[in-house]
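> This is upload01.txt (compact mmCIF, C-alpha atoms and all ligand atoms).
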# COMPACT_ATOMS: atom_id res chain seq x y z
CA MET S 1 5.45 -18.84 1.08
CA ASN S 2 4.07 -19.31 4.57
CA LEU S 3 6.08 -16.96 6.77
CA PHE S 4 4.64 -18.37 10.00
CA LYS S 5 5.88 -21.82 9.04
CA ILE S 6 9.27 -20.44 7.99
CA ALA S 7 9.61 -18.67 11.35
CA ASP S 8 8.59 -21.79 13.22
CA ASP S 9 11.06 -23.99 11.33
CA GLN S 10 13.82 -21.46 11.88
CA LEU S 11 13.22 -21.44 15.63
CA GLU S 12 13.10 -25.23 15.68
CA GLU S 13 16.35 -25.54 13.77
CA PHE S 14 18.10 -23.06 16.02
CA LEU S 15 16.86 -24.81 19.16
CA SER S 16 17.85 -28.26 18.01
CA GLU S 17 21.55 -27.42 17.79
CA ASN S 18 22.96 -23.90 17.63
CA VAL S 19 21.39 -22.59 20.80
CA LYS S 20 23.81 -24.75 22.81
CA LYS S 21 26.75 -22.67 21.61
CA TYR S 22 24.86 -19.38 21.70
CA GLU S 23 26.41 -18.04 24.89
CA MET S 24 29.93 -18.80 23.68
CA ASN S 25 29.57 -17.47 20.14
CA ARG S 26 26.81 -14.89 20.13
CA ASN S 27 29.09 -11.87 20.26
CA TYR S 28 30.88 -12.74 17.03
CA ASP S 29 29.79 -11.17 13.82
CA TRP S 30 31.09 -13.65 11.24
CA GLY S 31 29.46 -11.72 8.41
CA PRO S 32 26.10 -11.99 6.65
CA GLU S 33 26.96 -15.39 5.16
CA ASN S 34 27.32 -17.05 8.54
CA ARG S 35 24.71 -16.27 11.14
CA THR S 36 24.50 -19.70 12.74
CA ASN S 37 25.68 -18.33 16.10
CA VAL S 38 22.52 -16.25 16.54
CA SER S 39 18.89 -17.06 15.90
CA ASN S 40 18.17 -14.42 13.27
CA LEU S 41 14.61 -14.41 14.50
CA SER S 42 14.22 -10.77 15.44
CA HIS S 43 12.16 -9.80 12.38
CA PHE S 44 9.69 -12.53 13.33
CA ILE S 45 9.80 -11.88 17.07
CA SER S 46 9.30 -8.12 16.64
CA HIS S 47 6.04 -8.83 14.80
CA ARG S 48 5.19 -11.59 17.23
CA VAL S 49 5.01 -14.14 14.46
CA VAL S 50 7.10 -15.91 17.04
CA LEU S 51 5.75 -14.89 20.44
CA GLU S 52 8.49 -14.23 23.01
CA TYR S 53 6.83 -16.39 25.66
CA ASP S 54 6.34 -19.32 23.30
CA ALA S 55 9.97 -19.06 22.21
CA VAL S 56 11.09 -19.13 25.85
CA LEU S 57 8.91 -22.14 26.70
CA ARG S 58 10.00 -24.03 23.63
CA THR S 59 13.62 -23.31 24.44
CA LEU S 60 13.08 -24.62 27.96
CA ASN S 61 11.41 -27.77 26.68
CA ARG S 62 14.21 -28.48 24.23
CA GLN S 63 17.29 -27.54 26.22
CA GLY S 64 16.34 -26.75 29.81
CA TYR S 65 17.12 -23.47 31.56
CA LYS S 66 20.84 -23.87 32.26
CA ALA S 67 21.86 -24.80 28.73
CA ALA S 68 19.90 -21.97 27.17
CA GLU S 69 19.94 -19.34 29.92
CA LYS S 70 21.63 -16.65 27.85
CA PHE S 71 19.28 -17.05 24.90
CA ILE S 72 16.26 -16.89 27.20
CA GLN S 73 17.66 -13.76 28.83
CA GLU S 74 18.17 -12.09 25.47
CA ILE S 75 14.58 -12.75 24.49
CA PHE S 76 13.56 -11.20 27.79
CA TRP S 77 15.64 -8.10 27.01
CA ARG S 78 13.07 -7.34 24.36
CA VAL S 79 10.19 -7.88 26.78
CA TYR S 80 11.96 -5.71 29.33
CA TRP S 81 12.61 -2.84 26.91
CA LYS S 82 8.99 -2.86 25.82
CA GLY S 83 7.76 -2.72 29.39
CA TRP S 84 10.34 -0.06 30.29
CA LEU S 85 9.18 2.26 27.50
CA GLU S 86 5.57 1.59 28.35
CA MET S 87 6.23 3.07 31.78
CA ARG S 88 8.11 6.05 30.40
CA PRO S 89 6.30 7.04 27.21
CA THR S 90 7.89 10.53 27.31
CA VAL S 91 11.16 8.93 26.13
CA TRP S 92 9.46 7.97 22.87
CA GLU S 93 7.67 11.32 22.64
CA ASP S 94 10.95 13.21 23.06
CA PHE S 95 12.63 11.08 20.41
CA LYS S 96 9.78 11.79 18.01
CA ARG S 97 9.89 15.52 18.67
CA PHE S 98 13.67 15.82 18.34
CA GLU S 99 14.80 18.17 15.61
CA ILE S 100 17.87 16.79 13.83
CA LYS S 101 20.57 19.41 13.44
CA ASP S 102 23.48 17.19 12.38
CA ASP S 103 25.90 18.47 9.78
CA GLU S 104 24.22 17.65 6.47
CA GLN S 105 27.35 16.41 4.70
CA ASP S 106 28.38 14.20 7.63
CA LEU S 107 24.89 12.79 7.80
CA SER S 108 24.77 12.12 4.09
CA ASN S 109 28.17 10.37 4.25
CA ALA S 110 26.89 8.17 7.06
CA TYR S 111 23.62 7.37 5.27
CA ASN S 112 25.53 6.42 2.14
CA GLY S 113 28.34 4.47 3.76
CA ASP S 114 30.85 7.06 2.63
CA THR S 115 32.65 7.89 5.86
CA GLY S 116 35.99 6.26 5.06
CA ILE S 117 35.64 3.97 8.09
CA ASP S 118 35.65 0.62 6.27
CA CYS S 119 33.72 -1.46 8.75
CA PHE S 120 31.08 1.20 9.23
CA ASP S 121 30.65 1.75 5.49
CA ASP S 122 30.28 -2.00 4.97
CA TRP S 123 27.66 -2.19 7.72
CA VAL S 124 25.67 0.63 6.13
CA ARG S 125 25.58 -1.38 2.90
CA GLU S 126 24.70 -4.55 4.79
CA LEU S 127 21.91 -2.79 6.63
CA ARG S 128 20.45 -1.38 3.43
CA GLU S 129 20.76 -4.67 1.57
CA THR S 130 19.74 -7.20 4.22
CA ASN S 131 17.71 -5.01 6.61
CA TYR S 132 19.49 -6.66 9.52
CA LEU S 133 22.64 -6.17 11.58
CA HIS S 134 24.16 -8.40 14.23
CA ASN S 135 23.68 -7.17 17.82
CA HIS S 136 27.35 -6.46 18.47
CA THR S 137 27.57 -4.65 15.16
CA ARG S 138 24.55 -2.52 16.10
CA MET S 139 26.47 -1.52 19.22
CA TRP S 140 29.63 -0.65 17.28
CA PHE S 141 27.61 1.07 14.61
CA ALA S 142 25.70 3.24 17.07
CA SER S 143 28.87 4.03 19.00
CA ILE S 144 30.75 5.11 15.86
CA TRP S 145 27.72 7.15 14.74
CA ILE S 146 27.56 9.04 18.02
CA PHE S 147 31.15 9.27 19.25
CA THR S 148 33.34 9.18 16.12
CA LEU S 149 31.06 10.73 13.52
CA ASN S 150 29.56 13.11 16.09
CA LEU S 151 26.03 12.60 14.85
CA SER S 152 22.99 12.63 17.09
CA TRP S 153 21.75 9.30 18.46
CA GLN S 154 18.29 10.29 17.28
CA SER S 155 19.29 10.50 13.61
CA GLY S 156 20.95 7.09 13.96
CA ALA S 157 17.93 5.56 15.64
CA ALA S 158 15.68 6.91 12.87
CA PHE S 159 18.05 5.46 10.25
CA PHE S 160 17.84 2.03 11.93
CA LEU S 161 14.04 2.25 12.13
CA LYS S 162 13.95 2.95 8.43
CA HIS S 163 16.04 -0.04 7.40
CA LEU S 164 15.68 -2.76 10.01
CA LYS S 165 13.04 -5.40 9.40
CA ASP S 166 12.89 -5.85 13.16
CA GLY S 167 12.70 -2.07 13.78
CA ASP S 168 10.95 -1.65 17.11
CA ALA S 169 10.15 1.51 19.07
CA ALA S 170 11.40 0.12 22.38
CA SER S 171 14.42 -2.05 21.49
CA ASN S 172 15.72 0.49 19.01
CA THR S 173 15.20 3.73 20.93
CA LEU S 174 16.50 2.24 24.16
CA GLY S 175 19.36 0.43 22.43
CA TRP S 176 20.59 3.76 21.02
CA ARG S 177 20.08 5.52 24.34
CA TRP S 178 22.04 2.78 26.06
CA VAL S 179 25.00 3.18 23.68
CA ALA S 180 24.86 6.99 24.07
CA GLY S 181 25.05 6.73 27.86
CA ILE S 182 21.68 8.22 28.69
CA GLN S 183 19.78 5.00 29.33
CA THR S 184 22.11 4.02 32.14
CA LYS S 185 23.15 7.55 32.97
CA GLY S 186 26.87 8.19 32.51
CA LYS S 187 27.59 4.70 31.17
CA HIS S 188 28.12 4.72 27.44
CA TYR S 189 29.31 2.05 25.06
CA LEU S 190 32.55 2.95 23.33
CA ALA S 191 33.47 0.80 20.33
CA LYS S 192 37.14 -0.17 20.40
CA SER S 193 39.23 -1.18 17.42
CA TRP S 194 40.64 -4.30 19.15
CA ASN S 195 37.13 -5.43 20.05
CA ILE S 196 35.84 -5.01 16.50
CA GLY S 197 38.88 -6.91 15.23
CA LYS S 198 38.43 -9.77 17.67
CA PHE S 199 34.70 -10.25 17.21
CA THR S 200 34.76 -9.94 13.43
CA ASN S 201 37.47 -12.63 13.29
CA GLY S 202 39.98 -10.08 12.09
CA ARG S 203 37.91 -8.86 9.17
CA TYR S 204 38.58 -5.33 10.35
CA ALA S 205 41.75 -4.01 11.96
CA ASN S 206 43.15 -0.67 13.05
CA VAL S 207 39.83 1.09 12.86
CA ARG S 208 40.37 4.76 13.65
CA LEU S 209 37.81 5.60 16.28
CA ASN S 210 37.28 8.07 19.03
CA GLU S 211 37.83 5.70 21.92
CA ASN S 212 37.82 8.37 24.61
CA ALA S 213 34.57 10.23 24.16
CA ASP S 214 32.41 11.21 27.11
CA PRO S 215 28.87 9.94 27.45
CA ILE S 216 26.04 12.04 26.09
CA GLU S 217 24.14 13.95 28.74
CA GLU S 218 20.42 14.23 28.99
CA ARG S 219 18.94 16.94 31.13
CA VAL S 220 15.35 15.75 30.99
CA ASN S 221 14.03 13.31 33.54
CA HIS S 222 11.52 10.79 32.40
CA PRO S 223 9.19 9.98 35.27
CA ILE S 224 7.54 6.60 35.57
CA ILE S 225 3.94 6.96 34.54
CA PRO S 226 2.28 3.73 35.68
CA PRO S 227 0.17 2.66 32.75
CA GLU S 228 -3.45 1.86 33.39
CA TYR S 229 -4.30 -1.44 31.83
CA ALA S 230 -7.59 -3.20 31.92
CA PRO S 231 -6.81 -6.91 31.59
CA PHE S 232 -8.78 -8.11 28.67
CA ASN S 233 -10.73 -11.30 28.73
CA THR S 234 -13.91 -10.46 26.96
CA LYS S 235 -14.85 -9.22 23.59
CA ARG S 236 -16.48 -5.82 23.84
CA ASN S 237 -17.13 -4.83 20.26
CA ASP S 238 -17.92 -6.44 16.93
CA SER S 239 -14.77 -5.28 15.21
CA LEU S 240 -11.18 -6.07 15.97
CA ILE S 241 -8.05 -4.26 14.78
CA ILE S 242 -4.72 -6.04 14.75
CA PHE S 243 -1.58 -4.10 13.91
CA GLU S 244 1.33 -5.71 12.12
CA ASN S 245 3.48 -5.90 15.25
CA ASP S 246 1.35 -8.47 17.09
CA LEU S 247 0.30 -11.12 14.66
CA ASN S 248 0.59 -14.20 16.82
CA PHE S 249 -2.61 -16.16 16.58
CA ALA S 250 -1.75 -19.35 18.46
CA GLY S 251 -4.67 -20.03 20.78
CA ARG S 252 -6.57 -17.01 19.57
CA GLU S 253 -8.27 -18.33 16.45
CA ASP S 254 -11.56 -19.11 18.23
CA PHE S 255 -11.45 -15.69 19.79
CA TYR S 256 -10.99 -13.95 16.44
CA ALA S 257 -13.92 -15.96 15.08
CA GLU S 258 -16.22 -14.18 17.53
CA TYR S 259 -15.70 -10.92 15.64
CA LYS S 260 -17.86 -9.75 12.78
CA ASN S 261 -14.94 -7.80 11.31
CA VAL S 262 -11.23 -8.34 11.73
CA TYR S 263 -8.94 -5.67 10.27
CA LEU S 264 -5.23 -6.18 9.74
CA VAL S 265 -3.37 -2.89 9.67
CA CYS S 266 0.11 -1.84 8.66
CA LEU S 267 0.44 1.95 8.56
CA ASP S 268 1.75 3.51 5.37
CA ASN S 269 4.63 5.93 5.43
CA ASP S 270 2.37 8.98 5.34
CA GLN S 271 0.82 7.73 8.59
CA ARG S 272 4.20 7.34 10.28
CA LYS S 273 6.63 9.80 11.81
CA PHE S 274 9.58 7.53 10.95
CA LYS S 275 9.41 6.43 7.33
CA ILE S 276 10.42 2.88 6.57
CA ALA S 277 12.25 1.56 3.53
CA ASN S 278 10.44 -0.44 0.83
CA PRO S 279 11.78 -3.91 1.73
CA VAL S 280 10.72 -3.36 5.34
CA MET S 281 7.25 -2.24 4.28
CA GLU S 282 6.99 -5.19 1.88
CA PHE S 283 8.01 -7.58 4.63
CA LYS S 284 5.35 -6.21 6.98
CA LYS S 285 2.69 -6.51 4.30
CA SER S 286 3.72 -10.06 3.46
CA LEU S 287 3.26 -10.94 7.13
CA LEU S 288 -0.31 -9.61 6.99
CA HIS S 289 -1.00 -11.74 3.93
CA SER S 290 0.44 -14.82 5.60
CA PHE S 291 -1.75 -14.17 8.61
CA GLN S 292 -4.78 -13.78 6.37
CA ASN S 293 -4.02 -17.06 4.62
CA ASP S 294 -3.39 -18.98 7.82
CA VAL S 295 -6.26 -17.83 10.00
CA THR S 296 -9.52 -19.38 8.87
CA HIS S 297 -11.70 -16.50 10.08
CA PRO S 298 -11.83 -13.89 7.30
CA SER S 299 -10.03 -10.62 7.76
CA VAL S 300 -9.52 -7.44 5.77
CA ILE S 301 -6.15 -5.79 5.17
CA THR S 302 -6.45 -2.02 5.21
CA ASN S 303 -5.01 1.09 6.78
CA ASN S 304 -7.86 3.35 5.78
CA PHE S 305 -9.53 4.17 9.07
CA ASN S 306 -12.20 6.24 7.36
CA LEU S 307 -13.37 3.10 5.62
CA ILE S 308 -13.20 1.11 8.83
CA THR S 309 -15.11 3.70 10.80
CA GLU S 310 -17.79 4.36 8.21
CA LYS S 311 -20.10 1.89 9.91
CA GLU S 312 -18.96 1.80 13.50
CA LYS S 313 -16.84 3.79 15.86
CA SER S 314 -16.19 1.21 18.56
CA PHE S 315 -13.38 -1.32 18.29
CA ASP S 316 -11.33 -3.79 20.13
CA VAL S 317 -7.65 -3.35 19.31
CA VAL S 318 -4.78 -5.71 20.09
CA TYR S 319 -2.66 -3.31 22.12
CA PRO S 320 0.28 -2.23 19.94
CA PHE S 321 2.46 -0.85 22.77
CA VAL S 322 4.10 2.59 22.72
CA GLY S 323 5.10 3.31 19.13
CA GLU S 324 3.83 4.48 15.76
CA SER S 325 0.56 2.53 15.66
CA LEU S 326 -0.52 3.66 19.11
CA ASP S 327 0.38 7.27 18.23
CA TYR S 328 -1.65 7.09 15.07
CA LEU S 329 -4.66 5.65 16.87
CA ASN S 330 -4.46 8.28 19.57
CA GLY S 331 -4.18 10.92 16.86
CA ILE S 332 -7.36 9.94 15.03
CA LYS S 333 -9.32 8.91 18.11
CA LYS S 334 -10.80 12.35 18.67
CA GLU S 335 -11.10 13.28 15.03
CA LEU S 336 -13.14 10.18 14.20
CA ALA S 337 -14.77 9.93 17.62
CA LEU S 338 -13.46 6.42 18.19
CA ASP S 339 -14.19 4.30 21.20
CA ILE S 340 -11.25 1.94 21.58
CA SER S 341 -10.91 -1.05 23.90
CA PHE S 342 -7.40 -2.43 24.04
CA LEU S 343 -6.66 -6.13 24.41
CA HIS S 344 -3.64 -6.96 26.52
CA ARG S 345 -1.90 -10.28 26.77
CA ARG S 346 -1.87 -11.44 30.35
CA GLN S 347 1.86 -12.30 30.05
CA ASP S 348 2.65 -8.76 28.93
CA LEU S 349 0.75 -7.34 31.88
CA PHE S 350 2.61 -9.61 34.25
CA CYS S 351 6.05 -8.78 32.84
CA ILE S 352 5.46 -5.02 32.93
CA ASN S 353 5.44 -5.28 36.73
CA PHE S 354 9.20 -5.93 36.60
CA CYS S 355 10.14 -3.15 34.20
CA ASN S 356 10.20 -0.25 36.62
CA LYS S 357 13.85 -0.87 37.59
CA GLY S 358 16.98 -2.06 35.75
CA PHE S 359 17.35 -5.27 33.77
CA PHE S 360 19.24 -6.89 36.65
CA ASN S 361 16.07 -6.79 38.70
CA PHE S 362 14.03 -8.12 35.78
CA LYS S 363 16.56 -10.93 35.27
CA GLN S 364 16.28 -11.97 38.92
CA ASN S 365 12.57 -12.42 38.34
CA ILE S 366 12.83 -14.54 35.19
CA PRO S 367 12.15 -17.82 37.09
CA ARG S 368 8.99 -16.23 38.52
CA ILE S 369 7.97 -14.97 35.12
CA ILE S 370 8.52 -18.40 33.61
CA GLU S 371 6.26 -19.92 36.26
CA GLU S 372 3.59 -17.40 35.31
CA ILE S 373 3.79 -17.94 31.57
CA LYS S 374 3.73 -21.73 31.68
CA PRO S 375 1.91 -23.89 30.85
CA PRO S 376 1.16 -22.09 27.62
CA ILE S 377 -2.48 -21.41 28.26
CA PRO S 378 -3.89 -19.77 25.16
CA ASP S 379 -4.53 -16.20 26.13
CA ARG S 380 -6.93 -13.74 24.63
C1 LIG O 1 21.45 0.32 18.83
C2 LIG O 1 20.62 -0.94 18.85
C3 LIG O 1 19.39 -0.95 18.20
C4 LIG O 1 18.59 -2.10 18.23
N1 LIG O 1 17.37 -2.08 17.58
C5 LIG O 1 16.57 -3.16 17.65
C6 LIG O 1 15.29 -3.15 17.04
O1 LIG O 1 14.84 -2.17 16.46
N2 LIG O 1 14.54 -4.29 17.10
C7 LIG O 1 14.98 -5.42 17.74
O2 LIG O 1 14.26 -6.42 17.75
N3 LIG O 1 16.18 -5.43 18.35
C8 LIG O 1 16.99 -4.35 18.32
N4 LIG O 1 18.21 -4.39 18.94
C9 LIG O 1 18.56 -5.58 19.75
C10 LIG O 1 19.37 -6.67 19.01
O3 LIG O 1 20.46 -6.10 18.36
C11 LIG O 1 18.54 -7.49 18.01
O4 LIG O 1 17.34 -7.92 18.59
C12 LIG O 1 19.34 -8.74 17.57
O5 LIG O 1 20.54 -8.34 16.98
C13 LIG O 1 18.54 -9.53 16.61
O6 LIG O 1 19.28 -10.60 16.10
P1 LIG O 1 18.88 -12.10 16.44
O7 LIG O 1 17.43 -12.33 16.20
O8 LIG O 1 19.81 -13.00 15.70
O9 LIG O 1 19.18 -12.14 17.99
P2 LIG O 1 19.53 -13.31 19.00
O10 LIG O 1 20.86 -13.02 19.57
O11 LIG O 1 19.33 -14.63 18.40
O12 LIG O 1 18.49 -13.06 20.17
C14 LIG O 1 17.18 -13.67 20.19
C15 LIG O 1 16.12 -12.61 20.32
O13 LIG O 1 16.24 -11.92 21.54
C16 LIG O 1 15.90 -10.55 21.37
N5 LIG O 1 17.09 -9.73 21.66
C17 LIG O 1 18.39 -10.12 21.60
N6 LIG O 1 19.20 -9.13 22.00
C18 LIG O 1 18.40 -8.09 22.31
C19 LIG O 1 18.65 -6.77 22.78
N7 LIG O 1 19.88 -6.31 23.04
N8 LIG O 1 17.58 -5.96 22.97
C20 LIG O 1 16.32 -6.38 22.73
N9 LIG O 1 16.04 -7.62 22.29
C21 LIG O 1 17.05 -8.46 22.09
C22 LIG O 1 15.48 -10.38 19.91
O14 LIG O 1 14.08 -10.51 19.82
C23 LIG O 1 16.18 -11.55 19.24
O15 LIG O 1 15.56 -11.96 18.05
C24 LIG O 1 19.04 -3.25 18.93
C25 LIG O 1 20.27 -3.23 19.58
C26 LIG O 1 21.06 -2.08 19.54
C27 LIG O 1 22.38 -2.09 20.23
Can the structure from this file be put into structure tokens for me?


Amino acid sequence: MNLFKIADDQLEEFLSENVKKYEMNRNYDWGPENRTNVSNLSHFISHRVVLEYDAVLRTLNRQGYKAAEKFIQEIFWRVYWKGWLEMRPTVWEDFKRFEIKDDEQDLSNAYNGDTGIDCFDDWVRELRETNYLHNHTRMWFASIWIFTLNLSWQSGAAFFLKHLKDGDAASNTLGWRWVAGIQTKGKHYLAKSWNIGKFTNGRYANVRLNENADPIEERVNHPIIPPEYAPFNTKRNDSLIIFENDLNFAGREDFYAEYKNVYLVCLDNDQRKFKIANPVMEFKKSLLHSFQNDVTHPSVITNNFNLITEKEKSFDVVYPFVGESLDYLNGIKKELALDISFLHRRQDLFCINFCNKGFFNFKQNIPRIIEEIKPPIPDR
């Protein structure tokens, strides 16, 4: 099973037809059996099996900007969130440090889909079984978690990270913060029974929710810390580390071939703060195997850094962005006396320039960003 081909075919199929109705239908959750109104690509995009910029350019080529504007914007939400967190890494650090003090029974009921709120309990089962939830459902889910079940957004965000195949430090943390009302301060997302009824085609009605809760308050300020990036165009070391969340190799094969050693890494649960469920771990590992099969230059799958560093201490690393892999690397850097050179995609570096303000500002710059990312020059 070639997952890169499956992802590619799935994008192609979505672009050939369904994308045209995306804007009109995307907010409906018709249930796990009918997901034709959305692309269902997030588990591939979050590992960059499908690269955001390629997806945007392919969408433009197939449908033009006007017909697919909303879909393009949604892909850029992900790029924006990543850049936003990159500038404010303390948001991720705070989330990691947070001590969960939720009522144990309430938390256990939520984890097990035993709250008595039918839609929510069904979504818990769906999340555990399919490792995916529709975007609108994620919003309702998070809102019910925080404002009706009175649980902390952090415990909910950790629960999502555990079960979502597309679990991503930026989109997930900031998505939960946005619902809670701390991302856009004072503006929270309150799930309403009528809205759930309408956008689930009446599958759920008269859901008893707290529809009047106040937003969560956050007293901490997260200053912008402009990241220092060295644009990467040259190989510096003989070994390259690629984490599981940036596996796109289009245009990079020749570059990889310049390395003596290429290591593909997916951290195990004992190397992570937020543990992930088996199907999610299995999915990540299957992506590494697909990569290994598809890229002609040999690579080694391992997460044992002692083995990697036995011979050498200097590496090039495809920059994994703020998140678990970067934390782990930073953690062992001193201990193993590592000298790490990060590789940054030029498109990522360009987009980060527009992530210091709100998404509205980013959105205004999408035409400029598109100019910058096309034609699809293979980057290093
Ligand atoms: C509380 C909460 C947590 C979330 N956690 C994650 C997460 O961990 N990982 C993740 O990839 N997305 C997350 N999202 C965003 C969004 O829900 C998913 O990306 C989307 O549902 C994936 O389904 P799709 O591929 O069919 O999306 P489509 O609607 O087909 O969108 C196409 C692509 O655009 C991107 N995208 C769409 N909407 C968003 C969004 N709101 N934010 C960021 N990117 C978006 C995704 O890469 C997606 O695959 C979260 C949203 C919320 C409200």

> Between atom CA of Ile225 of chain S and atom CA of Ala169 of chain S, what is the spacing in Å?

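Separating atom CA of Ala169 of chain S from atom CA of Ile225 of chain S is a distance of 17.5 Å.
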
> Would you please work out which residue, of S:Asp270, S:Glu17, S:Glu23, S:Glu312, is nearest to ligand LIG 1 (chain O) when using all atoms listed in the file?

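Closest residue, counting all atoms listed in the file: S:Glu23.
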
> Neighbouring residues of ligand LIG 1 (chain O) are defined here as those with any atom at most 6 Å from a ligand atom, counting only C-alpha atoms and all ligand atoms; list them as a JSON list (two decimals) with C-alpha atoms, in the coordinates of the input.


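So out.json came out as:
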[["chain", "number", "residue", "atom", "x", "y", "z"],
["S", 38, "VAL", "CA", 22.52, -16.25, 16.54],
["S", 39, "SER", "CA", 18.89, -17.06, 15.90],
["S", 40, "ASN", "CA", 18.17, -14.42, 13.27],
["S", 41, "LEU", "CA", 14.61, -14.41, 14.50],
["S", 42, "SER", "CA", 14.22, -10.77, 15.44],
["S", 45, "ILE", "CA", 9.80, -11.88, 17.07],
["S", 46, "SER", "CA", 9.30, -8.12, 16.64],
["S", 74, "GLU", "CA", 18.17, -12.09, 25.47],
["S", 75, "ILE", "CA", 14.58, -12.75, 24.49],
["S", 77, "TRP", "CA", 15.64, -8.10, 27.01],
["S", 78, "ARG", "CA", 13.07, -7.34, 24.36],
["S", 134, "HIS", "CA", 24.16, -8.40, 14.23],
["S", 135, "ASN", "CA", 23.68, -7.17, 17.82],
["S", 138, "ARG", "CA", 24.55, -2.52, 16.10],
["S", 139, "MET", "CA", 26.47, -1.52, 19.22],
["S", 142, "ALA", "CA", 25.70, 3.24, 17.07],
["S", 166, "ASP", "CA", 12.89, -5.85, 13.16],
["S", 167, "GLY", "CA", 12.70, -2.07, 13.78],
["S", 168, "ASP", "CA", 10.95, -1.65, 17.11],
["S", 171, "SER", "CA", 14.42, -2.05, 21.49],
["S", 172, "ASN", "CA", 15.72, 0.49, 19.01],
["S", 175, "GLY", "CA", 19.36, 0.43, 22.43],
["S", 176, "TRP", "CA", 20.59, 3.76, 21.02]]

> Between atom CA of Asp106 of chain S and atom CA of Asn150 of chain S, what is the distance, to one decimal in Å?

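Distance reported for this atom pair: 8.6 Å.
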
> If you count all atoms listed in the file, which residues fall within 12 Å of segment 185-197 of chain S, apart from same-chain ones fewer than 6 positions away, as a VMD selection string?

chain S and resid 27 to 30 117 to 120 136 to 148 153 175 to 179 203 to 221 358

> Just to confirm, what's the straight-line distance from atom CA of Ile224 of chain S to atom CA of Asn356 of chain S in Å (one decimal)?

7.4 Å

> Which residues are near segment 367-376 of chain S? Cut-off 8 Å, all atoms listed in the file, ignore same chain within fewer than 2 positions. Put them as a VMD selection string.

chain S and resid 53 to 54 57 347 350 to 351 364 to 365 378

> Could you save those same residues with C-alpha atoms as a JSON list (two decimals), in the coordinates of the input?


[["chain", "number", "residue", "atom", "x", "y", "z"],
["S", 53, "TYR", "CA", 6.83, -16.39, 25.66],
["S", 54, "ASP", "CA", 6.34, -19.32, 23.30],
["S", 57, "LEU", "CA", 8.91, -22.14, 26.70],
["S", 347, "GLN", "CA", 1.86, -12.30, 30.05],
["S", 350, "PHE", "CA", 2.61, -9.61, 34.25],
["S", 351, "CYS", "CA", 6.05, -8.78, 32.84],
["S", 364, "GLN", "CA", 16.28, -11.97, 38.92],
["S", 365, "ASN", "CA", 12.57, -12.42, 38.34],
["S", 378, "PRO", "CA", -3.89, -19.77, 25.16]]

> Taking into account all atoms listed in the file, which residue in the set S:Thr309, S:Asn109, S:Asn304, S:Asn353 is nearest to Ser239 of chain S?

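Looking at the shortest contact to Ser239 of chain S, the residue is S:Thr309.
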
> Tell me which of S:Lys82, S:Asn201, S:Pro32, S:Asn361 sits closest to Arg125 of chain S, counting all atoms listed in the file.

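When distances to Arg125 of chain S are compared using all atoms listed in the file, the smallest one comes from S:Pro32.
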
> Using all atoms listed in the file, which residues sit within 8 Å of Val262 of chain S once same-chain residues fewer than 5 positions away are excluded, as a tab-separated table (two decimals) with C-alpha atoms, in the frame of the given file?


chain	number	residue	atom	x	y	z
S	239	SER	CA	-14.77	-5.28	15.21
S	240	LEU	CA	-11.18	-6.07	15.97
S	241	ILE	CA	-8.05	-4.26	14.78
S	242	ILE	CA	-4.72	-6.04	14.75
S	256	TYR	CA	-10.99	-13.95	16.44
S	298	PRO	CA	-11.83	-13.89	7.30
S	299	SER	CA	-10.03	-10.62	7.76
S	300	VAL	CA	-9.52	-7.44	5.77

> Around (13.1, 13.6, 19.2) in the file's own coordinates, what residues are found within 12 Å if you use only C-alpha atoms, given back as a ChimeraX atom specification?

/S:90-101,152-158,173,177,273-274

> Could you save those same residues with C-alpha atoms as a PDB file, in the frame of the given file?


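What ended up in part-v6.pdb:
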ATOM      1  CA  THR S  90       7.890  10.530  27.310  1.00  0.00           C
ATOM      2  CA  VAL S  91      11.160   8.930  26.130  1.00  0.00           C
ATOM      3  CA  TRP S  92       9.460   7.970  22.870  1.00  0.00           C
ATOM      4  CA  GLU S  93       7.670  11.320  22.640  1.00  0.00           C
ATOM      5  CA  ASP S  94      10.950  13.210  23.060  1.00  0.00           C
ATOM      6  CA  PHE S  95      12.630  11.080  20.410  1.00  0.00           C
ATOM      7  CA  LYS S  96       9.780  11.790  18.010  1.00  0.00           C
ATOM      8  CA  ARG S  97       9.890  15.520  18.670  1.00  0.00           C
ATOM      9  CA  PHE S  98      13.670  15.820  18.340  1.00  0.00           C
ATOM     10  CA  GLU S  99      14.800  18.170  15.610  1.00  0.00           C
ATOM     11  CA  ILE S 100      17.870  16.790  13.830  1.00  0.00           C
ATOM     12  CA  LYS S 101      20.570  19.410  13.440  1.00  0.00           C
ATOM     13  CA  SER S 152      22.990  12.630  17.090  1.00  0.00           C
ATOM     14  CA  TRP S 153      21.750   9.300  18.460  1.00  0.00           C
ATOM     15  CA  GLN S 154      18.290  10.290  17.280  1.00  0.00           C
ATOM     16  CA  SER S 155      19.290  10.500  13.610  1.00  0.00           C
ATOM     17  CA  GLY S 156      20.950   7.090  13.960  1.00  0.00           C
ATOM     18  CA  ALA S 157      17.930   5.560  15.640  1.00  0.00           C
ATOM     19  CA  ALA S 158      15.680   6.910  12.870  1.00  0.00           C
ATOM     20  CA  THR S 173      15.200   3.730  20.930  1.00  0.00           C
ATOM     21  CA  ARG S 177      20.080   5.520  24.340  1.00  0.00           C
ATOM     22  CA  LYS S 273       6.630   9.800  11.810  1.00  0.00           C
ATOM     23  CA  PHE S 274       9.580   7.530  10.950  1.00  0.00           C
TER      24      PHE S 274
END
